[in-house]
$ cat final.csv   # CSV, C-alpha atoms
chain,number,residue,atom,x,y,z
A,226,MET,CA,80.3,-26.4,-34.3
A,227,ALA,CA,81.9,-23.4,-32.5
A,228,ASP,CA,81.1,-19.9,-33.8
A,229,THR,CA,83.7,-17.2,-34.3
A,230,ILE,CA,83.4,-15.7,-30.7
A,231,GLU,CA,83.9,-19.2,-29.3
A,232,TRP,CA,86.9,-19.8,-31.5
A,233,LEU,CA,88.5,-16.5,-30.5
A,234,GLU,CA,88.0,-17.5,-26.8
A,235,THR,CA,89.5,-20.9,-27.5
A,236,ILE,CA,92.5,-19.5,-29.3
A,237,GLY,CA,93.0,-16.9,-26.6
A,238,LYS,CA,93.3,-19.6,-23.9
A,239,ASN,CA,95.1,-22.3,-25.8
A,240,ALA,CA,98.9,-21.8,-25.7
A,241,LYS,CA,99.5,-23.8,-28.9
A,242,LEU,CA,96.8,-22.0,-30.9
A,243,ARG,CA,97.6,-18.6,-29.5
A,244,HIS,CA,101.2,-18.8,-30.7
A,245,ALA,CA,100.7,-21.0,-33.8
A,246,ALA,CA,101.9,-19.9,-37.2
A,247,ALA,CA,99.1,-18.3,-39.2
A,248,GLU,CA,99.0,-21.1,-41.8
A,249,GLU,CA,98.8,-23.8,-39.1
A,250,LEU,CA,96.0,-22.0,-37.3
A,251,VAL,CA,94.1,-21.5,-40.6
A,252,HIS,CA,94.5,-25.2,-41.3
A,253,THR,CA,93.1,-26.1,-37.8
A,254,LEU,CA,90.2,-23.7,-38.3
A,255,ALA,CA,89.4,-25.0,-41.8
A,256,GLN,CA,89.3,-28.5,-40.5
A,257,ALA,CA,86.9,-27.5,-37.8
A,258,GLY,CA,84.6,-25.6,-40.1
A,259,ALA,CA,85.3,-22.1,-38.8
A,260,SER,CA,83.9,-19.1,-40.6
A,261,ASP,CA,85.6,-17.8,-43.8
A,262,ALA,CA,85.9,-14.3,-42.1
A,263,LEU,CA,87.9,-15.8,-39.2
A,264,LYS,CA,90.2,-17.8,-41.6
A,265,VAL,CA,90.8,-14.7,-43.7
A,266,ALA,CA,91.5,-12.6,-40.6
A,267,VAL,CA,94.0,-15.1,-39.3
A,268,ALA,CA,95.7,-15.6,-42.7
A,269,SER,CA,96.1,-11.9,-43.4
A,270,GLY,CA,96.8,-10.9,-39.8
A,271,ASP,CA,94.2,-8.2,-40.4
A,272,ARG,CA,91.2,-8.2,-38.1
A,273,SER,CA,89.2,-6.0,-40.4
A,274,ALA,CA,88.0,-9.2,-42.2
A,275,LEU,CA,85.9,-9.9,-39.1
A,276,SER,CA,83.7,-6.9,-39.9
A,277,VAL,CA,82.0,-9.0,-42.5
A,278,GLU,CA,80.6,-11.0,-39.6
A,279,PHE,CA,80.4,-8.5,-36.8
A,280,GLY,CA,80.2,-5.1,-38.5
A,281,HIS,CA,82.5,-2.3,-37.8
A,282,LYS,CA,81.9,-0.5,-34.6
A,283,PRO,CA,84.7,1.8,-33.4
A,284,MET,CA,84.9,2.0,-29.6
A,285,LYS,CA,86.0,4.9,-27.4
A,286,ASP,CA,88.6,3.7,-24.9
A,287,GLU,CA,89.4,6.8,-22.7
A,288,HIS,CA,88.4,6.3,-19.1
A,289,SER,CA,90.5,8.8,-17.3
A,290,THR,CA,90.3,12.5,-16.6
A,291,THR,CA,93.8,13.5,-17.6
A,292,GLY,CA,95.3,12.2,-14.4
A,293,PRO,CA,94.4,13.9,-11.1
A,294,GLY,CA,94.7,17.4,-12.6
A,295,HIS,CA,91.0,18.0,-13.1
A,296,GLU,CA,90.1,16.9,-9.6
A,297,GLU,CA,92.6,19.3,-8.2
A,298,GLU,CA,90.9,22.2,-10.0
A,299,PRO,CA,87.4,22.4,-8.5
A,300,ASP,CA,86.1,25.0,-10.8
A,301,HIS,CA,87.2,23.6,-14.1
A,302,ASP,CA,84.1,21.5,-14.8
A,303,GLY,CA,81.8,23.7,-12.8
A,304,ASP,CA,81.7,21.2,-10.0
A,305,LYS,CA,83.2,20.9,-6.6
A,306,HIS,CA,85.9,18.3,-6.5
A,307,VAL,CA,88.6,17.5,-4.0
A,308,PRO,CA,91.8,15.5,-4.6
A,309,THR,CA,91.0,11.8,-4.3
A,310,LYS,CA,92.4,9.9,-1.4
A,311,PRO,CA,92.9,6.2,-1.5
A,312,HIS,CA,89.8,4.7,0.2
A,313,LYS,CA,90.1,2.1,2.9
A,314,PRO,CA,89.4,-1.5,2.0
A,315,ASP,CA,86.2,-2.7,3.5
A,316,HIS,CA,87.3,-6.2,4.0
A,317,ASP,CA,86.6,-6.0,7.7
A,318,ARG,CA,83.0,-5.0,7.2
A,319,PRO,CA,80.4,-7.7,7.6
A,320,SER,CA,78.7,-8.5,4.3
A,321,ARG,CA,75.5,-10.3,3.6
A,322,ASP,CA,76.6,-10.8,0.0
A,323,ARG,CA,79.3,-13.3,1.0
B,262,MET,CA,70.0,9.9,-0.7
B,263,ASN,CA,69.5,11.5,2.7
B,264,ALA,CA,72.7,11.2,4.7
B,265,THR,CA,70.6,10.5,7.9
B,266,SER,CA,69.3,7.3,6.3
B,267,LEU,CA,72.7,5.9,5.7
B,268,PRO,CA,73.5,2.7,7.6
B,269,SER,CA,76.1,2.6,10.3
B,270,SER,CA,79.6,1.8,9.3
B,271,ASN,CA,79.3,-1.8,10.4
B,272,GLU,CA,76.2,-2.5,8.5
B,273,THR,CA,76.3,-3.6,4.8
B,274,ARG,CA,73.2,-3.0,2.7
B,275,HIS,CA,71.8,-5.2,-0.1
B,276,GLY,CA,73.2,-4.3,-3.4
B,277,SER,CA,76.8,-4.7,-4.3
B,278,LEU,CA,79.4,-3.6,-6.8
B,279,ALA,CA,82.4,-5.3,-8.3
B,280,CYS,CA,84.6,-3.4,-10.7
B,281,VAL,CA,86.6,-6.0,-12.7
B,282,GLY,CA,89.2,-5.9,-15.4
B,283,MET,CA,88.6,-7.8,-18.7
B,284,GLY,CA,92.3,-7.9,-19.4
B,285,MET,CA,93.6,-6.8,-22.8
B,286,THR,CA,93.4,-10.0,-25.0
B,287,LEU,CA,90.1,-11.8,-25.6
B,288,GLY,CA,90.2,-15.3,-24.0
B,289,SER,CA,93.7,-14.9,-22.6
B,290,HIS,CA,93.5,-12.5,-19.6
B,291,LEU,CA,90.1,-12.6,-17.9
B,292,THR,CA,90.7,-14.0,-14.4
B,293,PRO,CA,88.5,-16.7,-13.0
B,294,LEU,CA,87.4,-14.4,-10.2
B,295,SER,CA,86.4,-11.6,-12.5
B,296,ARG,CA,84.6,-14.0,-14.7
B,297,ASP,CA,82.6,-15.3,-11.7
B,298,HIS,CA,81.6,-11.7,-10.8
B,299,ILE,CA,80.4,-11.2,-14.3
B,300,GLU,CA,78.4,-14.5,-14.4
B,301,GLN,CA,76.9,-14.0,-11.0
B,302,ALA,CA,75.9,-10.4,-11.5
B,303,ASP,CA,72.3,-9.2,-11.9
B,304,VAL,CA,73.5,-6.4,-14.1
B,305,VAL,CA,76.8,-5.9,-16.0
B,306,PHE,CA,78.0,-2.6,-17.3
B,307,ALA,CA,80.7,-2.7,-20.0
B,308,ALA,CA,83.3,-0.1,-20.7
B,309,LEU,CA,85.4,-2.0,-23.2
B,310,SER,CA,87.7,-1.0,-26.1
B,311,ASP,CA,86.6,-3.5,-28.6
B,312,HIS,CA,83.2,-4.4,-30.1
B,313,ILE,CA,84.1,-8.1,-30.4
B,314,VAL,CA,85.2,-8.3,-26.8
B,315,GLU,CA,81.9,-6.8,-25.8
B,316,LEU,CA,80.1,-9.5,-27.8
B,317,TRP,CA,82.1,-12.1,-26.0
B,318,LEU,CA,81.1,-10.5,-22.7
B,319,GLN,CA,77.5,-10.8,-23.7
B,320,ARG,CA,77.9,-14.6,-23.7
B,321,MET,CA,78.7,-14.5,-20.0
B,322,ASN,CA,75.6,-12.7,-18.7
B,323,PRO,CA,72.1,-12.0,-20.2
B,324,ASP,CA,72.0,-8.4,-19.0
B,325,VAL,CA,75.1,-6.6,-20.3
B,326,ARG,CA,74.7,-2.8,-20.8
B,327,SER,CA,77.3,-1.0,-22.9
B,328,LEU,CA,78.5,2.3,-21.6
B,329,GLN,CA,79.7,3.4,-25.1
B,330,PRO,CA,76.6,5.4,-26.0
B,331,TYR,CA,77.3,7.9,-23.3
B,332,TYR,CA,80.4,9.2,-25.1
B,333,ALA,CA,79.9,12.0,-27.6
B,334,GLU,CA,82.2,14.3,-29.5
B,335,GLY,CA,82.2,17.7,-27.9
B,336,LYS,CA,80.9,16.3,-24.6
B,337,SER,CA,83.1,16.4,-21.6
B,338,ARG,CA,84.3,12.9,-20.8
B,339,LEU,CA,84.0,13.8,-17.1
B,340,LYS,CA,80.3,14.2,-17.6
B,341,THR,CA,80.2,10.8,-19.4
B,342,TYR,CA,82.1,9.2,-16.5
B,343,ARG,CA,79.7,10.7,-13.9
B,344,GLU,CA,76.8,9.4,-15.9
B,345,TRP,CA,78.4,6.0,-15.8
B,346,VAL,CA,78.7,6.2,-12.0
B,347,ASP,CA,75.1,7.3,-11.7
B,348,LEU,CA,73.9,4.4,-13.8
B,349,ILE,CA,76.0,1.9,-11.8
B,350,MET,CA,74.9,3.3,-8.4
B,351,THR,CA,71.2,3.4,-9.4
B,352,GLU,CA,71.3,-0.4,-9.8
B,353,VAL,CA,73.3,-0.9,-6.7
B,354,ARG,CA,70.8,1.2,-4.7
B,355,ALA,CA,68.0,-0.9,-6.2
B,356,GLY,CA,69.6,-3.9,-4.4
B,357,LYS,CA,71.2,-5.5,-7.4
B,358,ARG,CA,74.5,-7.3,-7.6
B,359,VAL,CA,76.3,-5.1,-10.1
B,360,CYS,CA,79.4,-5.8,-12.0
B,361,ALA,CA,81.2,-3.1,-14.0
B,362,VAL,CA,83.7,-4.4,-16.5
B,363,PHE,CA,86.5,-2.3,-17.9
B,364,TYR,CA,89.1,-3.3,-20.4
B,365,GLY,CA,92.6,-4.0,-19.0
B,366,HIS,CA,92.7,-3.2,-15.3
B,367,PRO,CA,89.7,-1.3,-13.8
B,368,GLY,CA,91.9,0.8,-11.5
B,369,ILE,CA,94.4,2.2,-14.0
B,370,PHE,CA,93.7,5.4,-15.9
B,371,ALA,CA,90.0,5.0,-15.1
B,372,TRP,CA,88.0,7.5,-13.1
B,373,SER,CA,84.6,6.0,-12.7
B,374,PRO,CA,85.5,2.6,-11.1
B,375,HIS,CA,87.3,4.3,-8.2
B,376,LYS,CA,84.5,6.9,-7.8
B,377,ALA,CA,81.7,4.3,-8.0
B,378,ILE,CA,83.5,2.2,-5.3
B,379,GLU,CA,84.1,5.2,-3.1
B,380,ILE,CA,80.4,6.2,-3.3
B,381,ALA,CA,79.1,2.7,-2.8
B,382,ARG,CA,81.2,2.1,0.3
B,383,ALA,CA,80.2,5.5,1.7
B,384,GLU,CA,76.6,4.5,1.3
B,385,GLY,CA,77.2,1.2,3.1
B,386,PHE,CA,77.3,-1.2,0.1
B,387,HIS,CA,79.9,-3.9,-0.4
B,388,ALA,CA,82.1,-2.8,-3.2
B,389,THR,CA,85.3,-4.3,-4.5
B,390,MET,CA,87.8,-4.0,-7.3
B,391,GLU,CA,89.4,-7.0,-9.0
B,392,PRO,CA,92.6,-6.4,-10.9
B,393,GLY,CA,93.0,-7.3,-14.5
B,394,ILE,CA,95.9,-7.7,-16.8
B,395,SER,CA,96.7,-4.1,-18.0
B,396,ALA,CA,98.2,-2.6,-21.1
B,397,GLU,CA,101.2,-1.9,-18.9
B,398,ASP,CA,101.6,-5.6,-18.1
B,399,CYS,CA,101.4,-6.5,-21.8
B,400,LEU,CA,103.9,-3.8,-22.6
B,401,TYR,CA,106.6,-5.3,-20.3
B,402,ALA,CA,106.1,-8.7,-21.9
B,403,ASP,CA,105.9,-7.7,-25.5
B,404,LEU,CA,108.7,-5.2,-25.4
B,405,GLY,CA,110.9,-7.2,-23.0
B,406,LEU,CA,111.2,-4.5,-20.5
B,407,ASP,CA,111.8,-5.0,-16.8
B,408,PRO,CA,110.8,-1.9,-14.8
B,409,GLY,CA,113.1,-2.9,-12.1
B,410,ARG,CA,116.2,-2.8,-14.2
B,411,PHE,CA,116.5,1.0,-14.6
B,412,GLY,CA,113.3,2.2,-12.9
B,413,CYS,CA,110.2,3.2,-14.8
B,414,GLN,CA,108.1,6.3,-14.7
B,415,HIS,CA,104.5,6.5,-16.0
B,416,PHE,CA,102.7,9.6,-16.9
B,417,GLU,CA,99.5,10.5,-18.7
B,418,ALA,CA,100.9,12.5,-21.6
B,419,SER,CA,98.8,15.6,-21.0
B,420,GLN,CA,99.6,15.7,-17.3
B,421,LEU,CA,103.3,15.8,-18.2
B,422,LEU,CA,102.6,19.1,-19.9
B,423,PHE,CA,100.1,20.5,-17.4
B,424,TYR,CA,102.4,20.0,-14.4
B,425,GLU,CA,106.1,20.3,-13.7
B,426,HIS,CA,106.9,16.7,-13.4
B,427,ARG,CA,110.6,15.7,-13.2
B,428,LEU,CA,111.5,13.2,-15.8
B,429,ASN,CA,114.3,10.7,-15.1
B,430,PRO,CA,116.0,9.9,-18.5
B,431,ALA,CA,118.1,7.2,-16.8
B,432,SER,CA,114.9,5.2,-16.3
B,433,TYR,CA,112.2,4.0,-18.7
B,434,VAL,CA,109.4,6.6,-19.2
B,435,VAL,CA,106.0,5.5,-20.4
B,436,LEU,CA,103.5,8.1,-21.8
B,437,TRP,CA,99.9,7.1,-21.9
B,438,GLN,CA,97.2,8.6,-24.0
B,439,ALA,CA,99.6,10.5,-26.2
B,440,ALA,CA,97.1,10.6,-29.1
B,441,LEU,CA,95.1,13.2,-27.2
B,442,VAL,CA,98.0,15.0,-25.5
B,443,GLY,CA,97.3,18.5,-24.5
B,444,ASP,CA,93.5,18.2,-24.5
B,445,TRP,CA,92.4,20.1,-21.4
B,446,SER,CA,88.8,20.2,-22.4
B,447,LEU,CA,88.2,16.4,-22.1
B,448,THR,CA,85.9,16.8,-25.2
B,449,ARG,CA,88.3,15.5,-27.8
B,450,PHE,CA,89.4,12.0,-28.6
B,451,HIS,CA,92.4,13.1,-30.7
B,452,THR,CA,94.6,16.2,-30.8
B,453,GLY,CA,97.2,16.4,-33.5
B,454,SER,CA,100.7,17.2,-34.7
B,455,PRO,CA,101.1,20.7,-33.1
B,456,TYR,CA,100.1,19.2,-29.8
B,457,ARG,CA,102.6,16.4,-30.1
B,458,GLN,CA,105.2,19.0,-31.0
B,459,VAL,CA,104.6,20.6,-27.6
B,460,LEU,CA,105.1,17.2,-26.1
B,461,VAL,CA,108.4,16.7,-28.0
B,462,ASP,CA,109.5,20.2,-26.9
B,463,ARG,CA,109.0,19.2,-23.3
B,464,LEU,CA,110.7,15.9,-23.7
B,465,SER,CA,113.7,17.5,-25.5
B,466,GLU,CA,114.5,19.2,-22.2
B,467,ASP,CA,115.7,15.7,-21.1
B,468,TYR,CA,116.3,13.7,-24.2
B,469,PRO,CA,118.2,14.3,-27.5
B,470,LEU,CA,115.9,14.7,-30.5
B,471,ASP,CA,117.4,11.7,-32.2
B,472,HIS,CA,116.5,9.4,-29.2
B,473,GLU,CA,114.6,6.4,-30.4
B,474,VAL,CA,111.1,6.1,-28.9
B,475,ILE,CA,108.8,3.1,-29.1
B,476,ILE,CA,105.1,3.3,-30.0
B,477,TYR,CA,103.3,0.3,-28.7
B,478,HIS,CA,99.8,-1.3,-28.9
B,479,GLY,CA,99.1,-4.7,-27.4
B,480,ALA,CA,96.9,-7.4,-29.0
B,481,THR,CA,93.2,-7.1,-28.3
B,482,LEU,CA,92.2,-10.3,-30.3
B,483,PRO,CA,94.2,-13.5,-29.9
B,484,ILE,CA,94.7,-13.6,-33.6
B,485,GLU,CA,96.6,-10.3,-33.6
B,486,GLN,CA,100.2,-9.5,-32.8
B,487,PRO,CA,101.4,-6.5,-30.8
B,488,HIS,CA,102.0,-3.4,-32.9
B,489,ILE,CA,105.5,-2.0,-32.2
B,490,ARG,CA,107.0,0.9,-34.0
B,491,ARG,CA,110.2,2.8,-33.4
B,492,VAL,CA,110.7,6.5,-34.4
B,493,LYS,CA,113.1,9.3,-33.5
B,494,LEU,CA,111.8,11.7,-30.9
B,495,ARG,CA,111.9,14.5,-33.4
B,496,ASP,CA,109.6,12.6,-35.8
B,497,LEU,CA,106.9,12.0,-33.2
B,498,PRO,CA,104.8,15.1,-34.1
B,499,GLU,CA,104.4,13.8,-37.7
B,500,THR,CA,103.7,10.2,-36.6
B,501,GLU,CA,100.0,9.4,-36.4
B,502,LEU,CA,99.0,7.8,-33.1
B,503,SER,CA,95.9,5.9,-32.3
B,504,SER,CA,94.1,6.2,-29.0
B,505,GLN,CA,95.3,2.8,-28.0
B,506,GLU,CA,99.0,3.4,-28.6
B,507,THR,CA,101.5,4.2,-25.9
B,508,VAL,CA,104.8,5.9,-26.2
B,509,VAL,CA,107.9,4.5,-24.4
B,510,LEU,CA,111.1,6.3,-24.0
B,511,PRO,CA,114.0,3.9,-23.2
B,512,PRO,CA,116.8,5.3,-21.0
B,513,ALA,CA,118.9,8.0,-22.6
B,514,ILE,CA,121.7,8.1,-20.0
B,515,ALA,CA,123.3,5.7,-17.6
B,516,LEU,CA,122.3,5.3,-14.0
B,517,LYS,CA,124.5,7.5,-11.8
B,518,PRO,CA,125.9,5.9,-8.7
B,519,ASN,CA,124.9,7.6,-5.4
B,520,LEU,CA,128.3,7.6,-3.8
B,521,ALA,CA,127.1,9.2,-0.5
B,522,MET,CA,124.4,6.5,0.0
B,523,ARG,CA,126.8,3.7,-0.9
B,524,GLU,CA,129.3,5.0,1.7
B,525,ARG,CA,126.7,5.2,4.3
B,526,LEU,CA,125.4,1.7,3.6
B,527,ALA,CA,129.0,0.4,3.7
B,528,GLU,CA,129.4,2.0,7.2
B,529,LEU,CA,126.2,0.3,8.3
B,530,ASP,CA,127.5,-3.0,7.0
B,531,LYS,CA,130.6,-2.6,9.0
B,532,GLU,CA,128.6,-1.8,12.1
B,533,THR,CA,126.3,-4.7,11.7
B,534,GLY,CA,129.0,-7.2,10.9
B,535,PHE,CA,128.2,-7.7,7.2
B,536,ALA,CA,131.4,-6.1,5.9

$ encode --input "final.csv" --output "structure tokens"
Amino acid sequence: MADTIEWLETIGKNAKLRHAAAEELVHTLAQAGASDALKVAVASGDRSALSVEFGHKPMKDEHSTTGPGHEEEPDHDGDKHVPTKPHKPDHDRPSRDR
Amino acid sequence: MNATSLPSSNETRHGSLACVGMGMTLGSHLTPLSRDHIEQADVVFAALSDHIVELWLQRMNPDVRSLQPYYAEGKSRLKTYREWVDLIMTEVRAGKRVCAVFYGHPGIFAWSPHKAIEIARAEGFHATMEPGISAEDCLYADLGLDPGRFGCQHFEASQLLFYEHRLNPASYVVLWQAALVGDWSLTRFHTGSPYRQVLVDRLSEDYPLDHEVIIYHGATLPIEQPHIRRVKLRDLPETELSSQETVVLPPAIALKPNLAMRERLAELDKETGFA
């Protein structure tokens, strides 16, 4: 029997399931023996029900440095930076990894 | 590393780096090529926006190392990102096949993938970036916008305040990371209403205050729907924003024909026999 992560992957790549009405998807999950947490989350449209199964772990999602601004100001972070330039693709280099 | 020990430019060393995008929605967006990088890697580093997506990633490789613990309140994110690059490069230099996985597209609003690839290539390692489906891609689909219709400008919200960008209110304007607008310190993960008021003051130079703006967040899990809210520009300071939400300003004025260019093109058409 698929677990909740496997079910999420299945739903994510199945056009019919991904866009199914909540009641229809809950019915499919119930027939397949999916977890109560997943069925509640689908029925309510609220993912917080999944915290019963996976806990609640907020994630930081910032990956940028406020655009290029900081890199153009070398002293701001006490480090020497220069504006970034697009680097050349290395497709022409021989590779032992390929 | 001593620069004199670097290999010549036509020599590639053992150890490699692939920076790949996980896409935005679990199960829906990961490309076959990125998945193969993940599955074939000796070490996988993860910078994802969702705990459950990270658990999914752990199913694909036995050595997935989350980069989340390097964030901290009050710590410059630039320091965090440099630590990430150091972690990644340590494994590349050890001869490992390394995959660094970022949510969405690894090259969009992300400092460390570009930096790690730059360093890896400079040291003679094979390094590549594989695109992923980004928040921007989802935004076009979920909001039904075509950036080609009126044009589309994208700005990191803080950068719009730090620099004298020229906004085009005849096009779409998309503002990213508006929840932490105005944070020059890189130590905060959220600013607040007074900072959003400064943003609105800047936008009001080009838009009426009753202009409707869209607040958008795409689906991370495939059991979710996109979150789409509409508010007046003047109400943006009092509207709570999450770090994952993006502000979209639809066009406020009509495109203005460039008559001089049209005349010039008409002349060219005559000269080339198209008229």

$ atom_distance --input "final.csv" --atom1 "atom CA of Glu391 of chain B" --atom2 "atom CA of Leu233 of chain A"
23.5 Å

$ atom_distance --input "final.csv" --atom1 "atom CA of Val362 of chain B" --atom2 "atom CA of Tyr477 of chain B"
23.6 Å

$ residues_around --input "final.csv" --residues "Leu428 of chain B" --least-positions-apart "6" --cutoff "10 Å" --atoms "all atoms listed in the file" --output "PyMOL selection string"
chain B and resi 414-416+421+434+463-464+466-468

$ residues_around --input "final.csv" --residues "segment 494-510 of chain B" --least-positions-apart "2" --cutoff "10 Å" --atoms "only C-alpha atoms" --output "JSON, numbers by chain"
{"A": [285, 286, 287], "B": [310, 396, 397, 400, 404, 413, 414, 415, 417, 418, 430, 432, 433, 434, 435, 436, 437, 438, 439, 440, 441, 450, 451, 452, 453, 454, 455, 456, 457, 458, 459, 460, 461, 462, 464, 465, 468, 469, 470, 471, 472, 473, 474, 475, 476, 477, 478, 479, 488, 489, 490, 491, 492, 512, 513]}

$ closest_residue --input "final.csv" --among "A:His281, A:Lys238, A:Arg243, A:His252" --to "Lys264 of chain A" --atoms "all atoms listed in the file"
A:His252

$ interface_residues --input "final.csv" --of "chain A" --to "chain B" --cutoff "6 Å" --atoms "all atoms listed in the file" --output "list in words"
Glu234, Gly237, Lys238, Val267, Met284, Asp286, His288, Ser289, Arg318 and Ser320 of chain A

$ atom_distance --input "final.csv" --atom1 "atom CA of Ala268 of chain A" --atom2 "atom CA of Pro283 of chain A"
22.6 Å

$ closest_residue --input "final.csv" --among "A:Ala240, A:Val251, A:Ala246, A:Ile230" --to "Glu278 of chain A" --atoms "only C-alpha atoms"
A:Ile230

$ closest_residue --input "final.csv" --among "A:Ala259, A:Asp271, A:Gly280, A:Val265" --to "Glu231 of chain A" --atoms "only C-alpha atoms"
A:Ala259

$ residues_around --input "final.csv" --residues "Leu275 of chain A" --least-positions-apart "2" --cutoff "7 Å" --atoms "only C-alpha atoms" --output "PDB file with C-alpha atoms, in the frame of the given file"
ATOM      1  CA  ALA A 262      85.900 -14.300 -42.100  1.00  0.00           C
ATOM      2  CA  LEU A 263      87.900 -15.800 -39.200  1.00  0.00           C
ATOM      3  CA  ALA A 266      91.500 -12.600 -40.600  1.00  0.00           C
ATOM      4  CA  ARG A 272      91.200  -8.200 -38.100  1.00  0.00           C
ATOM      5  CA  SER A 273      89.200  -6.000 -40.400  1.00  0.00           C
ATOM      6  CA  VAL A 277      82.000  -9.000 -42.500  1.00  0.00           C
ATOM      7  CA  GLU A 278      80.600 -11.000 -39.600  1.00  0.00           C
ATOM      8  CA  PHE A 279      80.400  -8.500 -36.800  1.00  0.00           C
TER       9      PHE A 279
END

$ decode --input "final.csv" --residues "segment 423-439 of chain B" --atoms "N, CA and C atoms" --output "compact mmCIF listing (two decimals), in the first residue's frame"
# COMPACT_ATOMS: atom_id res chain seq x y z
N PHE B 423 15.83 50.32 -3.49
CA PHE B 423 17.25 50.67 -3.33
C PHE B 423 17.82 51.38 -4.56
N TYR B 424 17.22 51.15 -5.70
CA TYR B 424 17.75 51.70 -6.95
C TYR B 424 16.65 52.43 -7.72
N GLU B 425 17.08 53.29 -8.63
CA GLU B 425 16.12 54.09 -9.40
C GLU B 425 15.71 53.33 -10.66
N HIS B 426 14.99 52.25 -10.45
CA HIS B 426 14.44 51.53 -11.59
C HIS B 426 13.33 52.34 -12.24
N ARG B 427 13.15 52.13 -13.52
CA ARG B 427 12.04 52.79 -14.23
C ARG B 427 10.93 51.76 -14.44
N LEU B 428 9.82 52.01 -13.82
CA LEU B 428 8.67 51.11 -13.98
C LEU B 428 7.90 51.47 -15.24
N ASN B 429 7.35 50.46 -15.88
CA ASN B 429 6.51 50.67 -17.04
C ASN B 429 5.08 50.25 -16.69
N PRO B 430 4.21 51.18 -16.34
CA PRO B 430 2.85 50.81 -15.94
C PRO B 430 1.97 50.35 -17.10
N ALA B 431 2.51 50.36 -18.32
CA ALA B 431 1.76 49.79 -19.45
C ALA B 431 2.00 48.28 -19.53
N SER B 432 2.97 47.77 -18.80
CA SER B 432 3.27 46.34 -18.81
C SER B 432 2.84 45.73 -17.48
N TYR B 433 2.94 44.41 -17.38
CA TYR B 433 2.81 43.77 -16.07
C TYR B 433 4.09 44.07 -15.28
N VAL B 434 3.95 44.24 -14.00
CA VAL B 434 5.11 44.37 -13.12
C VAL B 434 4.95 43.34 -12.00
N VAL B 435 5.96 42.51 -11.83
CA VAL B 435 5.93 41.46 -10.81
C VAL B 435 6.99 41.76 -9.75
N LEU B 436 6.56 41.81 -8.50
CA LEU B 436 7.47 42.13 -7.39
C LEU B 436 7.65 40.90 -6.52
N TRP B 437 8.89 40.44 -6.43
CA TRP B 437 9.21 39.23 -5.69
C TRP B 437 9.71 39.58 -4.30
N GLN B 438 9.46 38.69 -3.38
CA GLN B 438 9.94 38.83 -1.99
C GLN B 438 9.46 40.13 -1.34
N ALA B 439 8.19 40.44 -1.59
CA ALA B 439 7.63 41.67 -1.03
C ALA B 439 7.46 41.59 0.48
